[in-house]
$ cat protein.pdb   # PDB, C-alpha atoms and all ligand atoms
MODEL        1
ATOM      1  CA  MET G   1      -1.530   0.739   1.646  1.00  0.00           C
ATOM      2  CA  ILE G   2       1.237  -1.548   2.905  1.00  0.00           C
ATOM      3  CA  ALA G   3       4.804  -1.274   1.626  1.00  0.00           C
ATOM      4  CA  LEU G   4       6.463  -4.641   1.022  1.00  0.00           C
ATOM      5  CA  ALA G   5      10.133  -5.225   0.314  1.00  0.00           C
ATOM      6  CA  ALA G   6      12.724  -7.971   0.651  1.00  0.00           C
ATOM      7  CA  ASP G   7      16.109  -9.127  -0.509  1.00  0.00           C
ATOM      8  CA  HIS G   8      16.762 -12.696  -1.697  1.00  0.00           C
ATOM      9  CA  GLY G   9      16.910 -13.910   1.930  1.00  0.00           C
ATOM     10  CA  GLY G  10      13.434 -12.604   2.637  1.00  0.00           C
ATOM     11  CA  TYR G  11      11.870 -13.119  -0.768  1.00  0.00           C
ATOM     12  CA  TYR G  12       9.700 -16.109   0.160  1.00  0.00           C
ATOM     13  CA  LEU G  13       8.359 -14.408   3.280  1.00  0.00           C
ATOM     14  CA  LYS G  14       7.422 -11.360   1.213  1.00  0.00           C
ATOM     15  CA  GLU G  15       5.658 -13.525  -1.347  1.00  0.00           C
ATOM     16  CA  ALA G  16       3.693 -15.367   1.355  1.00  0.00           C
ATOM     17  CA  ILE G  17       2.631 -12.084   2.951  1.00  0.00           C
ATOM     18  CA  LYS G  18       1.717 -10.676  -0.451  1.00  0.00           C
ATOM     19  CA  LYS G  19      -0.540 -13.660  -1.156  1.00  0.00           C
ATOM     20  CA  HIS G  20      -2.153 -13.271   2.260  1.00  0.00           C
ATOM     21  CA  LEU G  21      -2.817  -9.542   1.772  1.00  0.00           C
ATOM     22  CA  GLU G  22      -4.293 -10.262  -1.651  1.00  0.00           C
ATOM     23  CA  LEU G  23      -6.684 -12.824  -0.129  1.00  0.00           C
ATOM     24  CA  LYS G  24      -7.724 -10.326   2.537  1.00  0.00           C
ATOM     25  CA  GLY G  25      -8.177  -7.525   0.017  1.00  0.00           C
ATOM     26  CA  ILE G  26      -5.543  -5.333   1.645  1.00  0.00           C
ATOM     27  CA  GLU G  27      -3.739  -3.028  -0.773  1.00  0.00           C
ATOM     28  CA  PHE G  28       0.030  -3.184  -0.950  1.00  0.00           C
ATOM     29  CA  LYS G  29       2.910  -1.926  -3.015  1.00  0.00           C
ATOM     30  CA  ASP G  30       5.721  -4.377  -3.719  1.00  0.00           C
ATOM     31  CA  PHE G  31       9.097  -2.612  -3.893  1.00  0.00           C
ATOM     32  CA  GLY G  32      10.952  -5.829  -4.808  1.00  0.00           C
ATOM     33  CA  THR G  33      13.098  -7.798  -5.061  1.00  0.00           C
ATOM     34  CA  TYR G  34      11.181  -9.927  -7.512  1.00  0.00           C
ATOM     35  CA  ASP G  35      13.152 -13.195  -7.499  1.00  0.00           C
ATOM     36  CA  THR G  36      15.792 -15.003  -5.460  1.00  0.00           C
ATOM     37  CA  SER G  37      18.867 -13.593  -7.226  1.00  0.00           C
ATOM     38  CA  SER G  38      21.330 -12.136  -4.745  1.00  0.00           C
ATOM     39  CA  VAL G  39      20.744  -8.409  -4.172  1.00  0.00           C
ATOM     40  CA  ASP G  40      21.652  -5.726  -1.624  1.00  0.00           C
ATOM     41  CA  TYR G  41      18.969  -5.373   1.062  1.00  0.00           C
ATOM     42  CA  PRO G  42      19.489  -1.607   1.716  1.00  0.00           C
ATOM     43  CA  VAL G  43      18.197  -0.804  -1.766  1.00  0.00           C
ATOM     44  CA  TYR G  44      14.800  -2.413  -1.100  1.00  0.00           C
ATOM     45  CA  ALA G  45      14.481  -1.505   2.577  1.00  0.00           C
ATOM     46  CA  GLU G  46      15.078   2.152   1.737  1.00  0.00           C
ATOM     47  CA  LYS G  47      12.348   2.187  -0.922  1.00  0.00           C
ATOM     48  CA  ALA G  48       9.739   0.776   1.444  1.00  0.00           C
ATOM     49  CA  ALA G  49      10.869   2.979   4.332  1.00  0.00           C
ATOM     50  CA  ARG G  50      10.617   6.136   2.235  1.00  0.00           C
ATOM     51  CA  ALA G  51       7.105   5.153   1.142  1.00  0.00           C
ATOM     52  CA  VAL G  52       6.089   4.854   4.804  1.00  0.00           C
ATOM     53  CA  ALA G  53       7.936   7.985   5.946  1.00  0.00           C
ATOM     54  CA  GLY G  54       6.416   9.971   3.083  1.00  0.00           C
ATOM     55  CA  GLY G  55       2.870   8.836   3.887  1.00  0.00           C
ATOM     56  CA  GLU G  56       2.244   6.849   0.703  1.00  0.00           C
ATOM     57  CA  CYS G  57       2.021   3.693   2.834  1.00  0.00           C
ATOM     58  CA  ARG G  58       0.669   3.413   6.377  1.00  0.00           C
ATOM     59  CA  PHE G  59       2.899   0.459   7.321  1.00  0.00           C
ATOM     60  CA  GLY G  60       5.805  -1.472   5.869  1.00  0.00           C
ATOM     61  CA  ILE G  61       6.721  -5.134   6.048  1.00  0.00           C
ATOM     62  CA  ILE G  62      10.282  -5.827   4.991  1.00  0.00           C
ATOM     63  CA  CYS G  63      12.285  -9.024   5.042  1.00  0.00           C
ATOM     64  CA  CYS G  64      15.861 -10.204   4.626  1.00  0.00           C
ATOM     65  CA  GLY G  65      17.735 -13.254   5.923  1.00  0.00           C
ATOM     66  CA  THR G  66      17.539 -12.184   9.558  1.00  0.00           C
ATOM     67  CA  GLY G  67      15.361  -9.066   9.445  1.00  0.00           C
ATOM     68  CA  ILE G  68      18.282  -7.169  10.960  1.00  0.00           C
ATOM     69  CA  GLY G  69      19.831  -5.595   7.871  1.00  0.00           C
ATOM     70  CA  VAL G  70      16.525  -4.248   6.607  1.00  0.00           C
ATOM     71  CA  SER G  71      15.686  -2.876  10.061  1.00  0.00           C
ATOM     72  CA  MET G  72      19.037  -1.096  10.373  1.00  0.00           C
ATOM     73  CA  THR G  73      18.472   0.473   6.977  1.00  0.00           C
ATOM     74  CA  ALA G  74      14.863   1.491   7.560  1.00  0.00           C
ATOM     75  CA  ASN G  75      15.656   3.045  10.926  1.00  0.00           C
ATOM     76  CA  LYS G  76      18.010   5.512   9.210  1.00  0.00           C
ATOM     77  CA  ILE G  77      15.008   7.145   7.558  1.00  0.00           C
ATOM     78  CA  LYS G  78      13.417   9.940   9.574  1.00  0.00           C
ATOM     79  CA  GLY G  79       9.998   8.972  10.897  1.00  0.00           C
ATOM     80  CA  ILE G  80      10.610   5.234  10.734  1.00  0.00           C
ATOM     81  CA  ARG G  81      10.351   2.957  13.721  1.00  0.00           C
ATOM     82  CA  ALA G  82      11.240  -0.466  12.364  1.00  0.00           C
ATOM     83  CA  ALA G  83      11.236  -3.523  14.612  1.00  0.00           C
ATOM     84  CA  VAL G  84      12.726  -6.972  14.059  1.00  0.00           C
ATOM     85  CA  VAL G  85      10.145  -9.435  15.298  1.00  0.00           C
ATOM     86  CA  THR G  86      10.289 -13.215  15.685  1.00  0.00           C
ATOM     87  CA  ASN G  87       7.288 -13.988  17.882  1.00  0.00           C
ATOM     88  CA  GLU G  88       3.668 -13.008  18.490  1.00  0.00           C
ATOM     89  CA  PHE G  89       4.328 -11.166  21.750  1.00  0.00           C
ATOM     90  CA  CYS G  90       6.853  -8.819  20.133  1.00  0.00           C
ATOM     91  CA  ALA G  91       4.644  -8.281  17.067  1.00  0.00           C
ATOM     92  CA  GLU G  92       1.902  -7.029  19.375  1.00  0.00           C
ATOM     93  CA  MET G  93       4.069  -5.071  21.793  1.00  0.00           C
ATOM     94  CA  THR G  94       6.019  -3.151  19.177  1.00  0.00           C
ATOM     95  CA  ARG G  95       2.708  -1.735  17.974  1.00  0.00           C
ATOM     96  CA  ARG G  96       1.247  -1.182  21.448  1.00  0.00           C
ATOM     97  CA  HIS G  97       4.326   0.395  23.044  1.00  0.00           C
ATOM     98  CA  ASN G  98       6.641   1.587  20.255  1.00  0.00           C
ATOM     99  CA  ASP G  99       4.098   2.567  17.606  1.00  0.00           C
ATOM    100  CA  ALA G 100       6.358   0.737  15.139  1.00  0.00           C
ATOM    101  CA  ASN G 101       5.504   1.490  11.534  1.00  0.00           C
ATOM    102  CA  ILE G 102       7.677  -1.160   9.877  1.00  0.00           C
ATOM    103  CA  LEU G 103       7.756  -4.859  10.678  1.00  0.00           C
ATOM    104  CA  CYS G 104      11.033  -6.633   9.858  1.00  0.00           C
ATOM    105  CA  MET G 105      11.356 -10.409   9.636  1.00  0.00           C
ATOM    106  CA  GLY G 106      13.986 -12.937   8.609  1.00  0.00           C
ATOM    107  CA  GLY G 107      13.464 -15.676   6.058  1.00  0.00           C
ATOM    108  CA  ARG G 108      16.266 -17.680   7.664  1.00  0.00           C
ATOM    109  CA  VAL G 109      14.725 -17.275  11.114  1.00  0.00           C
ATOM    110  CA  ILE G 110      10.982 -17.919  10.842  1.00  0.00           C
ATOM    111  CA  ASP G 111       8.781 -19.856   8.419  1.00  0.00           C
ATOM    112  CA  GLU G 112       6.164 -18.399   6.093  1.00  0.00           C
ATOM    113  CA  ASN G 113       3.147 -19.296   8.242  1.00  0.00           C
ATOM    114  CA  THR G 114       4.697 -17.579  11.239  1.00  0.00           C
ATOM    115  CA  ALA G 115       5.509 -14.485   9.150  1.00  0.00           C
ATOM    116  CA  VAL G 116       1.904 -14.226   7.965  1.00  0.00           C
ATOM    117  CA  LYS G 117       0.630 -14.587  11.537  1.00  0.00           C
ATOM    118  CA  LEU G 118       3.034 -11.911  12.815  1.00  0.00           C
ATOM    119  CA  ALA G 119       2.077  -9.585   9.952  1.00  0.00           C
ATOM    120  CA  ASP G 120      -1.612  -9.962  10.854  1.00  0.00           C
ATOM    121  CA  ILE G 121      -0.962  -9.172  14.508  1.00  0.00           C
ATOM    122  CA  PHE G 122       1.218  -6.192  13.614  1.00  0.00           C
ATOM    123  CA  LEU G 123      -1.301  -4.721  11.188  1.00  0.00           C
ATOM    124  CA  ASN G 124      -4.256  -5.193  13.539  1.00  0.00           C
ATOM    125  CA  THR G 125      -2.795  -3.951  16.810  1.00  0.00           C
ATOM    126  CA  PRO G 126      -3.240  -0.275  17.778  1.00  0.00           C
ATOM    127  CA  PHE G 127      -0.743   1.957  19.573  1.00  0.00           C
ATOM    128  CA  ASP G 128      -1.646   2.231  23.255  1.00  0.00           C
ATOM    129  CA  GLY G 129      -0.638   5.907  23.519  1.00  0.00           C
ATOM    130  CA  GLY G 130      -0.684   7.238  27.107  1.00  0.00           C
ATOM    131  CA  ARG G 131       2.674   6.918  28.819  1.00  0.00           C
ATOM    132  CA  HIS G 132       4.095   5.333  25.661  1.00  0.00           C
ATOM    133  CA  SER G 133       3.505   8.493  23.628  1.00  0.00           C
ATOM    134  CA  LYS G 134       6.044  10.386  25.701  1.00  0.00           C
ATOM    135  CA  ARG G 135       8.649   7.685  25.062  1.00  0.00           C
ATOM    136  CA  VAL G 136       7.988   7.554  21.330  1.00  0.00           C
ATOM    137  CA  ASP G 137       8.229  11.363  21.316  1.00  0.00           C
ATOM    138  CA  MET G 138      11.669  11.009  22.919  1.00  0.00           C
ATOM    139  CA  ILE G 139      12.743   8.817  19.986  1.00  0.00           C
ATOM    140  CA  LYS G 140      11.376  11.404  17.551  1.00  0.00           C
ATOM    141  CA  GLU G 141      13.268  14.120  19.409  1.00  0.00           C
ATOM    142  CA  LEU G 142      16.535  12.272  18.802  1.00  0.00           C
ATOM    143  CA  GLU G 143      15.914  12.470  15.070  1.00  0.00           C
ATOM    144  CA  GLN G 144      16.094  16.258  15.275  1.00  0.00           C
ATOM    145  CA  ASN G 145      19.690  16.055  16.461  1.00  0.00           C
ATOM    146  CA  ILE G 146      21.186  13.630  13.942  1.00  0.00           C
TER     147      ILE G 146
HETATM  148  C1  LIG G 201      22.065 -11.843   2.718  1.00  0.00           C
HETATM  149  O1  LIG G 201      22.901 -12.931   2.599  1.00  0.00           O
HETATM  150  C2  LIG G 201      21.883 -11.472   4.193  1.00  0.00           C
HETATM  151  O2  LIG G 201      23.051 -10.889   4.674  1.00  0.00           O
HETATM  152  C3  LIG G 201      20.707 -10.544   4.354  1.00  0.00           C
HETATM  153  O3  LIG G 201      19.565 -11.153   3.853  1.00  0.00           O
HETATM  154  C4  LIG G 201      20.354 -10.130   5.771  1.00  0.00           C
HETATM  155  O4  LIG G 201      20.246 -11.241   6.600  1.00  0.00           O
HETATM  156  C5  LIG G 201      21.130  -9.059   6.357  1.00  0.00           C
HETATM  157  O5  LIG G 201      20.890  -8.611   7.482  1.00  0.00           O
ENDMDL
END

$ encode --input "protein.pdb" --output "structure tokens"
Amino acid sequence: MIALAADHGGYYLKEAIKKHLELKGIEFKDFGTYDTSSVDYPVYAEKAARAVAGGECRFGIICCGTGIGVSMTANKIKGIRAAVVTNEFCAEMTRRHNDANILCMGGRVIDENTAVKLADIFLNTPFDGGRHSKRVDMIKELEQNI
């Protein structure tokens, strides 16, 4: 199950990704927003992040104008490693090295085709583990001291 969320700035990216997941038969839960009216991105990013942190969803894909606001919000939730991504290399590497569980993208930064491509890469790339596990564990350790 994939958690999807966006504000008005990321709405069209979310809709494009939703359509793509539907075509591929991948289950998702859409936490809104559901149109382009102006809304506050933390509300939607938090919902998706909690669904991932709580185990209801394996990954999240969340969008706003830049991808930055939703990533800042999601990263406040324990267990979330959310990455703002704008290109294929970063989409792959944040899975391989950071074991990111939320992909963040900006509707004012990339187009819909690019977002779909990056979502595919993100969802299909495994974590490399090995020396990267220790580093991800160091991030998790920080969460214990907040
Ligand atoms: C909304 O105008 C915009 O601030 C938001 O979508 C996002 O880019 C914030 O980081």

$ residues_around --input "protein.pdb" --residues "region 101-103 of chain G" --least-positions-apart "3" --cutoff "7 Å" --atoms "only C-alpha atoms" --output "list in words"
Phe59, Gly60, Ile61, Ile62, Ile80, Arg81, Ala82, Ala83, Val84 and Val85 of chain G

$ closest_atom_pairs --input "protein.pdb" --of "chain G" --to "ligand LIG 201 (chain G)" --cutoff "9 Å" --atoms "all atoms listed in the file" --output "CSV"
residue,atom,partner,partner_atom,distance
G:Ala6,CA,G:LIG201,O3,8.2
G:Asp7,CA,G:LIG201,O3,5.9
G:His8,CA,G:LIG201,O3,6.4
G:Gly9,CA,G:LIG201,O3,4.3
G:Gly10,CA,G:LIG201,O3,6.4
G:Ser38,CA,G:LIG201,C1,7.5
G:Val39,CA,G:LIG201,C1,7.8
G:Asp40,CA,G:LIG201,C1,7.5
G:Tyr41,CA,G:LIG201,C3,6.4
G:Pro42,CA,G:LIG201,C5,8.9
G:Cys63,CA,G:LIG201,O3,7.7
G:Cys64,CA,G:LIG201,O3,3.9
G:Gly65,CA,G:LIG201,O4,3.3
G:Thr66,CA,G:LIG201,O4,4.1
G:Gly67,CA,G:LIG201,O5,5.9
G:Ile68,CA,G:LIG201,O5,4.6
G:Gly69,CA,G:LIG201,O5,3.2
G:Val70,CA,G:LIG201,O5,6.2
G:Ser71,CA,G:LIG201,O5,8.2
G:Met72,CA,G:LIG201,O5,8.3
G:Gly106,CA,G:LIG201,O4,6.8
G:Gly107,CA,G:LIG201,O3,7.9
G:Arg108,CA,G:LIG201,O4,7.6

$ residues_near_point --input "protein.pdb" --point "(4.2, 8.0, 5.3)" --cutoff "12 Å" --atoms "all atoms listed in the file" --output "JSON, numbers by chain"
{"G": [1, 2, 3, 47, 48, 49, 50, 51, 52, 53, 54, 55, 56, 57, 58, 59, 60, 77, 78, 79, 80, 81, 101, 102]}

$ write_last_selection --input "protein.pdb" --atoms "C-alpha atoms" --output "mmCIF file, in the coordinates of the input"
data_model
loop_
_atom_site.group_PDB
_atom_site.id
_atom_site.type_symbol
_atom_site.label_atom_id
_atom_site.label_comp_id
_atom_site.auth_asym_id
_atom_site.auth_seq_id
_atom_site.Cartn_x
_atom_site.Cartn_y
_atom_site.Cartn_z
ATOM 1 C CA MET G 1 -1.530 0.739 1.646
ATOM 2 C CA ILE G 2 1.237 -1.548 2.905
ATOM 3 C CA ALA G 3 4.804 -1.274 1.626
ATOM 4 C CA LYS G 47 12.348 2.187 -0.922
ATOM 5 C CA ALA G 48 9.739 0.776 1.444
ATOM 6 C CA ALA G 49 10.869 2.979 4.332
ATOM 7 C CA ARG G 50 10.617 6.136 2.235
ATOM 8 C CA ALA G 51 7.105 5.153 1.142
ATOM 9 C CA VAL G 52 6.089 4.854 4.804
ATOM 10 C CA ALA G 53 7.936 7.985 5.946
ATOM 11 C CA GLY G 54 6.416 9.971 3.083
ATOM 12 C CA GLY G 55 2.870 8.836 3.887
ATOM 13 C CA GLU G 56 2.244 6.849 0.703
ATOM 14 C CA CYS G 57 2.021 3.693 2.834
ATOM 15 C CA ARG G 58 0.669 3.413 6.377
ATOM 16 C CA PHE G 59 2.899 0.459 7.321
ATOM 17 C CA GLY G 60 5.805 -1.472 5.869
ATOM 18 C CA ILE G 77 15.008 7.145 7.558
ATOM 19 C CA LYS G 78 13.417 9.940 9.574
ATOM 20 C CA GLY G 79 9.998 8.972 10.897
ATOM 21 C CA ILE G 80 10.610 5.234 10.734
ATOM 22 C CA ARG G 81 10.351 2.957 13.721
ATOM 23 C CA ASN G 101 5.504 1.490 11.534
ATOM 24 C CA ILE G 102 7.677 -1.160 9.877
#

$ atom_distance --input "protein.pdb" --atom1 "CA of Phe127 (chain G)" --atom2 "CA of Arg95 (chain G)"
5.3 Å

$ atom_distance --input "protein.pdb" --atom1 "CA of Tyr44 (chain G)" --atom2 "CA of Met138 (chain G)"
27.7 Å
